[in-house]
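Peer 1: Take a look at the following structure, please.
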Amino acid sequence: PDSRSQVILRVGSDSSDVGQIDPHLSSKTPDMVLIGWMFNGLVRFRPGSMDPTTIEPDIAESWTSSSDGKVWTFKIRKGIKFHGGYGELTAEDVVFSLERARNPKTSAFSSDFKEFKSIEALDPYTVRITLTTPVPFLLGTVSNYHGGMIVSKKAVEKIGEQFKISPVGTGPFMFEDYKAKQLISLKAHKEYFRGSPKIDRITYRYIPSTSSRELAYRNGELDIFYGDREQR
């Protein structure tokens with residue numbers, strides 16, 4: 001469609017280029033902004049909040065824990081679709097993702113999962129996590145932050161090394177294009193389980209110079225930019 005009829009959010013990032021938009025590898029803020037748009041966890045922090053007491057369902061629609069706090073069982077929503085025709089998310093993808101997140105070879109956050117004894121798919125929509133000792137903030141570990149993001153097993157195995165710059169998740173926006181040191185563009189994931197986004201496309205431009213970002217914003221080329229100016 002004509003770009004003038006599309007709703008496009010234009011964002012300026014204070015970095016020179018993408019790092020890795022693989023949710024299990026990058027902890028850099030500019031990458032995590034993109035990761036947050038493209039992926040979901042089993043549970044999520046309520047939008048606009050980082051309050052652990054208000055964590056709510058995301059990929060998991062419900063969960064229970066044993067009286068000793070060592071066994072957690074999550075029921076997965078049915079019908080969640082991955083980006084790019086990679087099919088429905090199932091317990092197998094959750095097990096694969098959390099195993100990947102706890103493996104030091106494939107994750108920057110493996111230490112967060114050191115109390116995980118086993119992660120099992122009991123059926124296509126049920127995942128059981130068994131811990132060696134109770135973890136007070138277990139829901140935070142499997143939330144939409146750092147290692148808790150769920151990836152497509154099929155996509156990781158097919159895309160391989162390039163997954164870090166062409167990732168596949170279930171979030172409201174999906175990867176579209178990458179131009180080195182220039183921009184990443186995302187497009188709306190029309191089959192997002194919470195409904196199709198109101199924004200059609202996000203362009204995320206890499207503009208390391210603060211003055212250049214401010215100028216682009218004043219000239220109407222950006223809608224939002226990340227900067228290092230003090231809040232006034």
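Ligands are numbered from 1 in the order shown, chains are lettered A, B, ... in the order of the structure tokens, and residues start at 1 in each chain.
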DSSP says strand (DSSP E or B) for which residues of range 8-101 of chain A? Put them as JSON, numbers by chain?
Peer 2: {"A": [8, 9, 10, 11, 12, 13, 43, 44, 56, 57, 60, 61, 62, 63, 64, 65, 71, 72, 73, 74, 75, 76, 81, 88]}
Peer 1: For range 66-82 of chain A, work out the shell of residues within 9 Å, counting only C-alpha atoms and skipping chain neighbours fewer than 6 positions away, then give it as a CSV table (one decimal) with all heavy atoms, in the first residue's frame.
Peer 2:
```
chain,number,residue,atom,x,y,z
A,42,LEU,N,6.6,-16.3,28.8
A,42,LEU,CA,5.5,-17.0,29.3
A,42,LEU,C,4.5,-16.1,30.1
A,42,LEU,O,3.3,-16.2,30.0
A,42,LEU,CB,6.0,-18.1,30.3
A,42,LEU,CG,6.6,-19.4,29.7
A,42,LEU,CD1,7.2,-20.3,30.8
A,42,LEU,CD2,5.5,-20.1,28.9
A,58,ASP,N,1.0,-14.1,29.5
A,58,ASP,CA,1.4,-13.7,28.2
A,58,ASP,C,1.3,-14.9,27.3
A,58,ASP,O,0.1,-15.3,26.9
A,58,ASP,CB,2.8,-13.2,28.2
A,58,ASP,CG,3.2,-12.3,27.0
A,58,ASP,OD1,2.2,-11.9,26.3
A,58,ASP,OD2,4.3,-12.0,26.8
A,59,ILE,N,2.3,-15.6,27.0
A,59,ILE,CA,2.2,-16.9,26.2
A,59,ILE,C,1.5,-17.9,27.1
A,59,ILE,O,0.6,-18.7,26.6
A,59,ILE,CB,3.6,-17.4,25.8
A,59,ILE,CG1,4.1,-16.6,24.6
A,59,ILE,CG2,3.6,-18.9,25.4
A,59,ILE,CD1,5.5,-16.8,24.2
A,60,ALA,N,1.7,-18.0,28.4
A,60,ALA,CA,1.0,-18.9,29.3
A,60,ALA,C,-0.3,-18.2,29.7
A,60,ALA,O,-0.3,-17.0,30.1
A,60,ALA,CB,1.9,-19.2,30.5
A,88,GLU,N,2.4,-22.5,14.6
A,88,GLU,CA,1.9,-22.2,16.0
A,88,GLU,C,2.9,-22.5,17.0
A,88,GLU,O,3.7,-23.5,16.9
A,88,GLU,CB,0.7,-23.1,16.2
A,88,GLU,CG,0.0,-22.9,17.6
A,88,GLU,CD,-1.1,-23.8,17.9
A,88,GLU,OE1,-1.3,-24.9,17.2
A,88,GLU,OE2,-1.9,-23.6,18.8
A,89,LEU,N,3.0,-21.6,18.0
A,89,LEU,CA,3.8,-21.9,19.2
A,89,LEU,C,3.3,-23.0,20.0
A,89,LEU,O,2.1,-23.1,20.3
A,89,LEU,CB,3.9,-20.6,20.0
A,89,LEU,CG,4.8,-20.6,21.3
A,89,LEU,CD1,5.4,-19.3,21.5
A,89,LEU,CD2,4.0,-21.1,22.5
A,90,THR,N,4.2,-23.9,20.4
A,90,THR,CA,3.7,-25.0,21.3
A,90,THR,C,4.7,-25.2,22.4
A,90,THR,O,5.8,-24.5,22.5
A,90,THR,CB,3.7,-26.4,20.5
A,90,THR,OG1,5.0,-26.8,20.2
A,90,THR,CG2,2.8,-26.3,19.3
A,91,ALA,N,4.4,-26.1,23.3
A,91,ALA,CA,5.3,-26.3,24.5
A,91,ALA,C,6.7,-26.7,24.0
A,91,ALA,O,7.7,-26.4,24.7
A,91,ALA,CB,4.7,-27.5,25.3
A,124,PRO,N,1.3,-30.7,24.1
A,124,PRO,CA,1.6,-29.6,23.2
A,124,PRO,C,1.4,-28.2,23.9
A,124,PRO,O,1.9,-27.2,23.4
A,124,PRO,CB,0.7,-29.8,22.0
A,124,PRO,CG,0.6,-31.3,21.9
A,124,PRO,CD,0.5,-31.7,23.3
A,125,TYR,N,0.6,-28.2,25.0
A,125,TYR,CA,0.2,-26.9,25.6
A,125,TYR,C,0.5,-26.8,27.1
A,125,TYR,O,0.0,-26.0,27.8
A,125,TYR,CB,-1.3,-26.6,25.3
A,125,TYR,CG,-1.6,-26.5,23.8
A,125,TYR,CD1,-2.2,-27.6,23.2
A,125,TYR,CD2,-1.2,-25.4,23.0
A,125,TYR,CE1,-2.5,-27.6,21.8
A,125,TYR,CE2,-1.5,-25.4,21.7
A,125,TYR,CZ,-2.1,-26.5,21.1
A,125,TYR,OH,-2.4,-26.4,19.7
A,126,THR,N,1.4,-27.7,27.6
A,126,THR,CA,1.7,-27.7,29.0
A,126,THR,C,3.2,-27.9,29.2
A,126,THR,O,3.8,-28.8,28.6
A,126,THR,CB,1.0,-28.9,29.7
A,126,THR,OG1,-0.4,-28.9,29.4
A,126,THR,CG2,1.1,-28.7,31.2
A,127,VAL,N,3.8,-27.0,29.9
A,127,VAL,CA,5.2,-27.1,30.2
A,127,VAL,C,5.4,-27.2,31.8
A,127,VAL,O,4.8,-26.4,32.5
A,127,VAL,CB,5.9,-25.8,29.7
A,127,VAL,CG1,7.4,-25.8,30.2
A,127,VAL,CG2,5.9,-25.7,28.2
A,128,ARG,N,6.3,-28.1,32.2
A,128,ARG,CA,6.6,-28.2,33.6
A,128,ARG,C,8.1,-27.9,33.8
A,128,ARG,O,8.9,-28.4,33.2
A,128,ARG,CB,6.3,-29.6,34.1
A,128,ARG,CG,6.6,-29.8,35.6
A,128,ARG,CD,6.0,-31.1,36.1
A,128,ARG,NE,6.8,-32.3,35.5
A,128,ARG,CZ,6.3,-33.5,35.5
A,128,ARG,NH1,5.1,-33.8,36.0
A,128,ARG,NH2,7.0,-34.5,34.9
A,129,ILE,N,8.3,-27.0,34.8
A,129,ILE,CA,9.6,-26.6,35.2
A,129,ILE,C,9.9,-27.1,36.6
A,129,ILE,O,9.1,-26.8,37.5
A,129,ILE,CB,9.8,-25.0,35.1
A,129,ILE,CG1,9.7,-24.5,33.7
A,129,ILE,CG2,11.2,-24.6,35.7
A,129,ILE,CD1,9.6,-23.0,33.6
A,130,THR,N,10.9,-27.9,36.7
A,130,THR,CA,11.3,-28.4,38.1
A,130,THR,C,12.6,-27.7,38.5
A,130,THR,O,13.6,-27.6,37.7
A,130,THR,CB,11.5,-29.9,38.0
A,130,THR,OG1,10.3,-30.5,37.5
A,130,THR,CG2,11.7,-30.5,39.4
A,131,LEU,N,12.6,-27.2,39.7
A,131,LEU,CA,13.7,-26.5,40.3
A,131,LEU,C,14.5,-27.3,41.3
A,131,LEU,O,13.9,-28.2,42.0
A,131,LEU,CB,13.3,-25.2,40.9
A,131,LEU,CG,12.4,-24.2,40.1
A,131,LEU,CD1,11.8,-23.2,40.9
A,131,LEU,CD2,13.2,-23.6,38.9
A,132,THR,N,15.8,-27.0,41.5
A,132,THR,CA,16.5,-27.7,42.5
A,132,THR,C,16.2,-27.1,43.9
A,132,THR,O,16.1,-27.9,44.9
A,132,THR,CB,18.0,-27.6,42.3
A,132,THR,OG1,18.4,-26.2,42.1
A,132,THR,CG2,18.4,-28.4,41.0
A,133,THR,N,16.0,-25.8,43.9
A,133,THR,CA,15.5,-25.1,45.1
A,133,THR,C,14.5,-24.1,44.7
A,133,THR,O,14.6,-23.6,43.6
A,133,THR,CB,16.7,-24.4,45.8
A,133,THR,OG1,17.4,-23.5,44.9
A,133,THR,CG2,17.7,-25.4,46.4
A,134,PRO,N,13.6,-23.7,45.6
A,134,PRO,CA,12.6,-22.7,45.2
A,134,PRO,C,13.3,-21.4,44.8
A,134,PRO,O,14.3,-21.0,45.4
A,134,PRO,CB,11.8,-22.5,46.5
A,134,PRO,CG,12.0,-23.8,47.3
A,134,PRO,CD,13.4,-24.2,46.9
A,135,VAL,N,12.7,-20.7,43.8
A,135,VAL,CA,13.2,-19.4,43.3
A,135,VAL,C,12.1,-18.4,43.7
A,135,VAL,O,11.0,-18.5,43.1
A,135,VAL,CB,13.5,-19.5,41.8
A,135,VAL,CG1,13.9,-18.1,41.3
A,135,VAL,CG2,14.6,-20.5,41.5
A,136,PRO,N,12.4,-17.4,44.6
A,136,PRO,CA,11.4,-16.5,45.0
A,136,PRO,C,10.8,-15.7,43.8
A,136,PRO,O,9.6,-15.4,43.8
A,136,PRO,CB,12.1,-15.5,45.9
A,136,PRO,CG,13.3,-16.3,46.4
A,136,PRO,CD,13.7,-17.2,45.3
A,138,LEU,N,10.6,-16.6,40.4
A,138,LEU,CA,10.6,-17.5,39.3
A,138,LEU,C,9.8,-16.8,38.1
A,138,LEU,O,10.3,-16.9,36.9
A,138,LEU,CB,10.0,-18.8,39.6
A,138,LEU,CG,9.9,-20.0,38.6
A,138,LEU,CD1,8.8,-19.9,37.6
A,138,LEU,CD2,11.3,-20.1,37.8
A,151,VAL,N,11.5,-18.2,21.6
A,151,VAL,CA,11.8,-18.2,20.1
A,151,VAL,C,11.2,-19.4,19.4
A,151,VAL,O,10.8,-20.3,20.1
A,151,VAL,CB,13.4,-18.2,19.9
A,151,VAL,CG1,14.0,-16.9,20.6
A,151,VAL,CG2,14.0,-19.4,20.5
A,152,SER,N,11.2,-19.3,18.1
A,152,SER,CA,10.8,-20.5,17.3
A,152,SER,C,11.9,-21.5,17.2
A,152,SER,O,12.9,-21.2,16.6
A,152,SER,CB,10.3,-20.0,15.9
A,152,SER,OG,10.2,-21.1,15.0
A,168,VAL,N,12.9,-14.5,14.8
A,168,VAL,CA,11.5,-14.9,14.6
A,168,VAL,C,10.9,-15.1,16.0
A,168,VAL,O,11.3,-16.0,16.8
A,168,VAL,CB,11.4,-16.2,13.8
A,168,VAL,CG1,9.9,-16.6,13.7
A,168,VAL,CG2,11.9,-16.0,12.4
A,169,GLY,N,9.9,-14.3,16.3
A,169,GLY,CA,9.2,-14.4,17.6
A,169,GLY,C,7.7,-14.4,17.4
A,169,GLY,O,7.2,-14.8,16.3
A,170,THR,N,6.9,-14.0,18.4
A,170,THR,CA,5.5,-14.0,18.3
A,170,THR,C,4.9,-12.6,18.6
A,170,THR,O,3.7,-12.5,18.7
A,170,THR,CB,4.9,-15.0,19.3
A,170,THR,OG1,5.4,-14.7,20.6
A,170,THR,CG2,5.1,-16.4,19.0
A,171,GLY,N,5.7,-11.6,18.8
A,171,GLY,CA,5.3,-10.3,19.3
A,171,GLY,C,4.5,-9.5,18.3
A,171,GLY,O,4.3,-10.0,17.1
A,189,HIS,N,2.7,-7.6,12.9
A,189,HIS,CA,2.4,-9.0,12.9
A,189,HIS,C,0.8,-9.1,12.9
A,189,HIS,O,0.2,-9.0,14.0
A,189,HIS,CB,3.0,-9.7,14.1
A,189,HIS,CG,2.7,-11.1,14.2
A,189,HIS,ND1,2.6,-12.0,13.1
A,189,HIS,CD2,2.6,-11.9,15.3
A,189,HIS,CE1,2.3,-13.2,13.6
A,189,HIS,NE2,2.3,-13.2,14.9
A,191,GLU,N,-1.2,-11.4,12.7
A,191,GLU,CA,-1.8,-12.5,13.4
A,191,GLU,C,-1.4,-12.5,14.9
A,191,GLU,O,-1.6,-13.5,15.6
A,191,GLU,CB,-1.4,-13.8,12.8
A,191,GLU,CG,-1.9,-14.0,11.3
A,191,GLU,CD,-1.5,-15.4,10.8
A,191,GLU,OE1,-0.3,-15.6,10.5
A,191,GLU,OE2,-2.4,-16.2,10.6
A,192,TYR,N,-1.0,-11.4,15.4
A,192,TYR,CA,-0.6,-11.3,16.8
A,192,TYR,C,-1.8,-11.7,17.7
A,192,TYR,O,-2.9,-11.3,17.4
A,192,TYR,CB,-0.2,-9.9,17.1
A,192,TYR,CG,0.3,-9.6,18.5
A,192,TYR,CD1,1.2,-10.5,19.1
A,192,TYR,CD2,-0.2,-8.6,19.3
A,192,TYR,CE1,1.6,-10.3,20.4
A,192,TYR,CE2,0.2,-8.4,20.6
A,192,TYR,CZ,1.2,-9.3,21.2
A,192,TYR,OH,1.6,-9.1,22.5
A,193,PHE,N,-1.5,-12.5,18.7
A,193,PHE,CA,-2.7,-13.1,19.5
A,193,PHE,C,-3.5,-12.1,20.3
A,193,PHE,O,-4.6,-12.4,20.7
A,193,PHE,CB,-2.2,-14.2,20.4
A,193,PHE,CG,-1.2,-13.8,21.5
A,193,PHE,CD1,-1.7,-13.5,22.7
A,193,PHE,CD2,0.1,-13.9,21.3
A,193,PHE,CE1,-0.9,-13.2,23.8
A,193,PHE,CE2,1.0,-13.6,22.3
A,193,PHE,CZ,0.5,-13.2,23.6
```
Peer 1: If you measure from CA of Ala155 in chain A to CA of Lys198 in chain A, what distance in Å do you get, rounded to one decimal?
Peer 2: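 CA of Ala155 in chain A sits 26.3 Å away from CA of Lys198 in chain A.
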Peer 1: Can you pull out the residues contacting Gly19 in chain A? Cut-off 9 Å, using only C-alpha atoms, and skip same-chain residues under 4 positions away; I want them as a PyMOL selection string.
Peer 2: chain A and resi 26+28+30-31+164-165
Peer 1: Neighbours of range 199-210 of chain A within 12 Å (only C-alpha atoms; same-chain residues fewer than 6 positions away dropped), as a ChimeraX atom specification?
Peer 2: /A:1-19,30-31,33-34,37-38,172-190,216-217,221-229
Peer 1: Set the distance at 9 Å and use only C-alpha atoms: which residues neighbour Phe113 in chain A once local chain neighbours fewer than 2 positions away are removed? I'd like the list as an MDAnalysis selection string.
Peer 2: chainID A and resid 98 101:103 109:111 115:117 141 147
Peer 1: Using DSSP on the backbone, list every residue of range 76-202 of chain A that comes out as alpha helix (DSSP H), and give them as number ranges by chain.
Peer 2: A: 91-102, 138-141, 153-159
Peer 1: Which residues come within 8 Å of Glu56 in chain A, counting only C-alpha atoms, excluding same-chain residues fewer than 2 positions away, as a CSV table (one decimal) with N, CA, C and O atoms, in the first residue's frame?
Peer 2:
```
chain,number,residue,atom,x,y,z
A,43,VAL,N,5.1,-15.1,30.8
A,43,VAL,CA,4.3,-14.1,31.5
A,43,VAL,C,5.0,-12.7,31.1
A,43,VAL,O,6.0,-12.7,30.5
A,44,ARG,N,4.3,-11.7,31.5
A,44,ARG,CA,4.8,-10.4,31.2
A,44,ARG,C,4.6,-9.4,32.3
A,44,ARG,O,3.6,-9.5,33.1
A,45,PHE,N,5.5,-8.4,32.3
A,45,PHE,CA,5.3,-7.2,33.2
A,45,PHE,C,4.2,-6.4,32.5
A,45,PHE,O,4.2,-6.3,31.3
A,46,ARG,N,3.3,-5.9,33.3
A,46,ARG,CA,2.2,-5.1,32.8
A,46,ARG,C,2.8,-3.9,32.0
A,46,ARG,O,3.8,-3.3,32.5
A,54,THR,N,2.7,-7.3,39.8
A,54,THR,CA,1.5,-7.2,38.8
A,54,THR,C,1.8,-8.0,37.5
A,54,THR,O,1.2,-7.7,36.5
A,58,ASP,N,1.0,-14.1,29.5
A,58,ASP,CA,1.4,-13.7,28.2
A,58,ASP,C,1.3,-14.9,27.3
A,58,ASP,O,0.1,-15.3,26.9
```
Peer 1: Closest to Ala121 in chain A among A:Val95, A:Met32, A:Val142, A:Ala108, using only C-alpha atoms?
Peer 2: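 Closest to Ala121 in chain A of all the choices is A:Val95.
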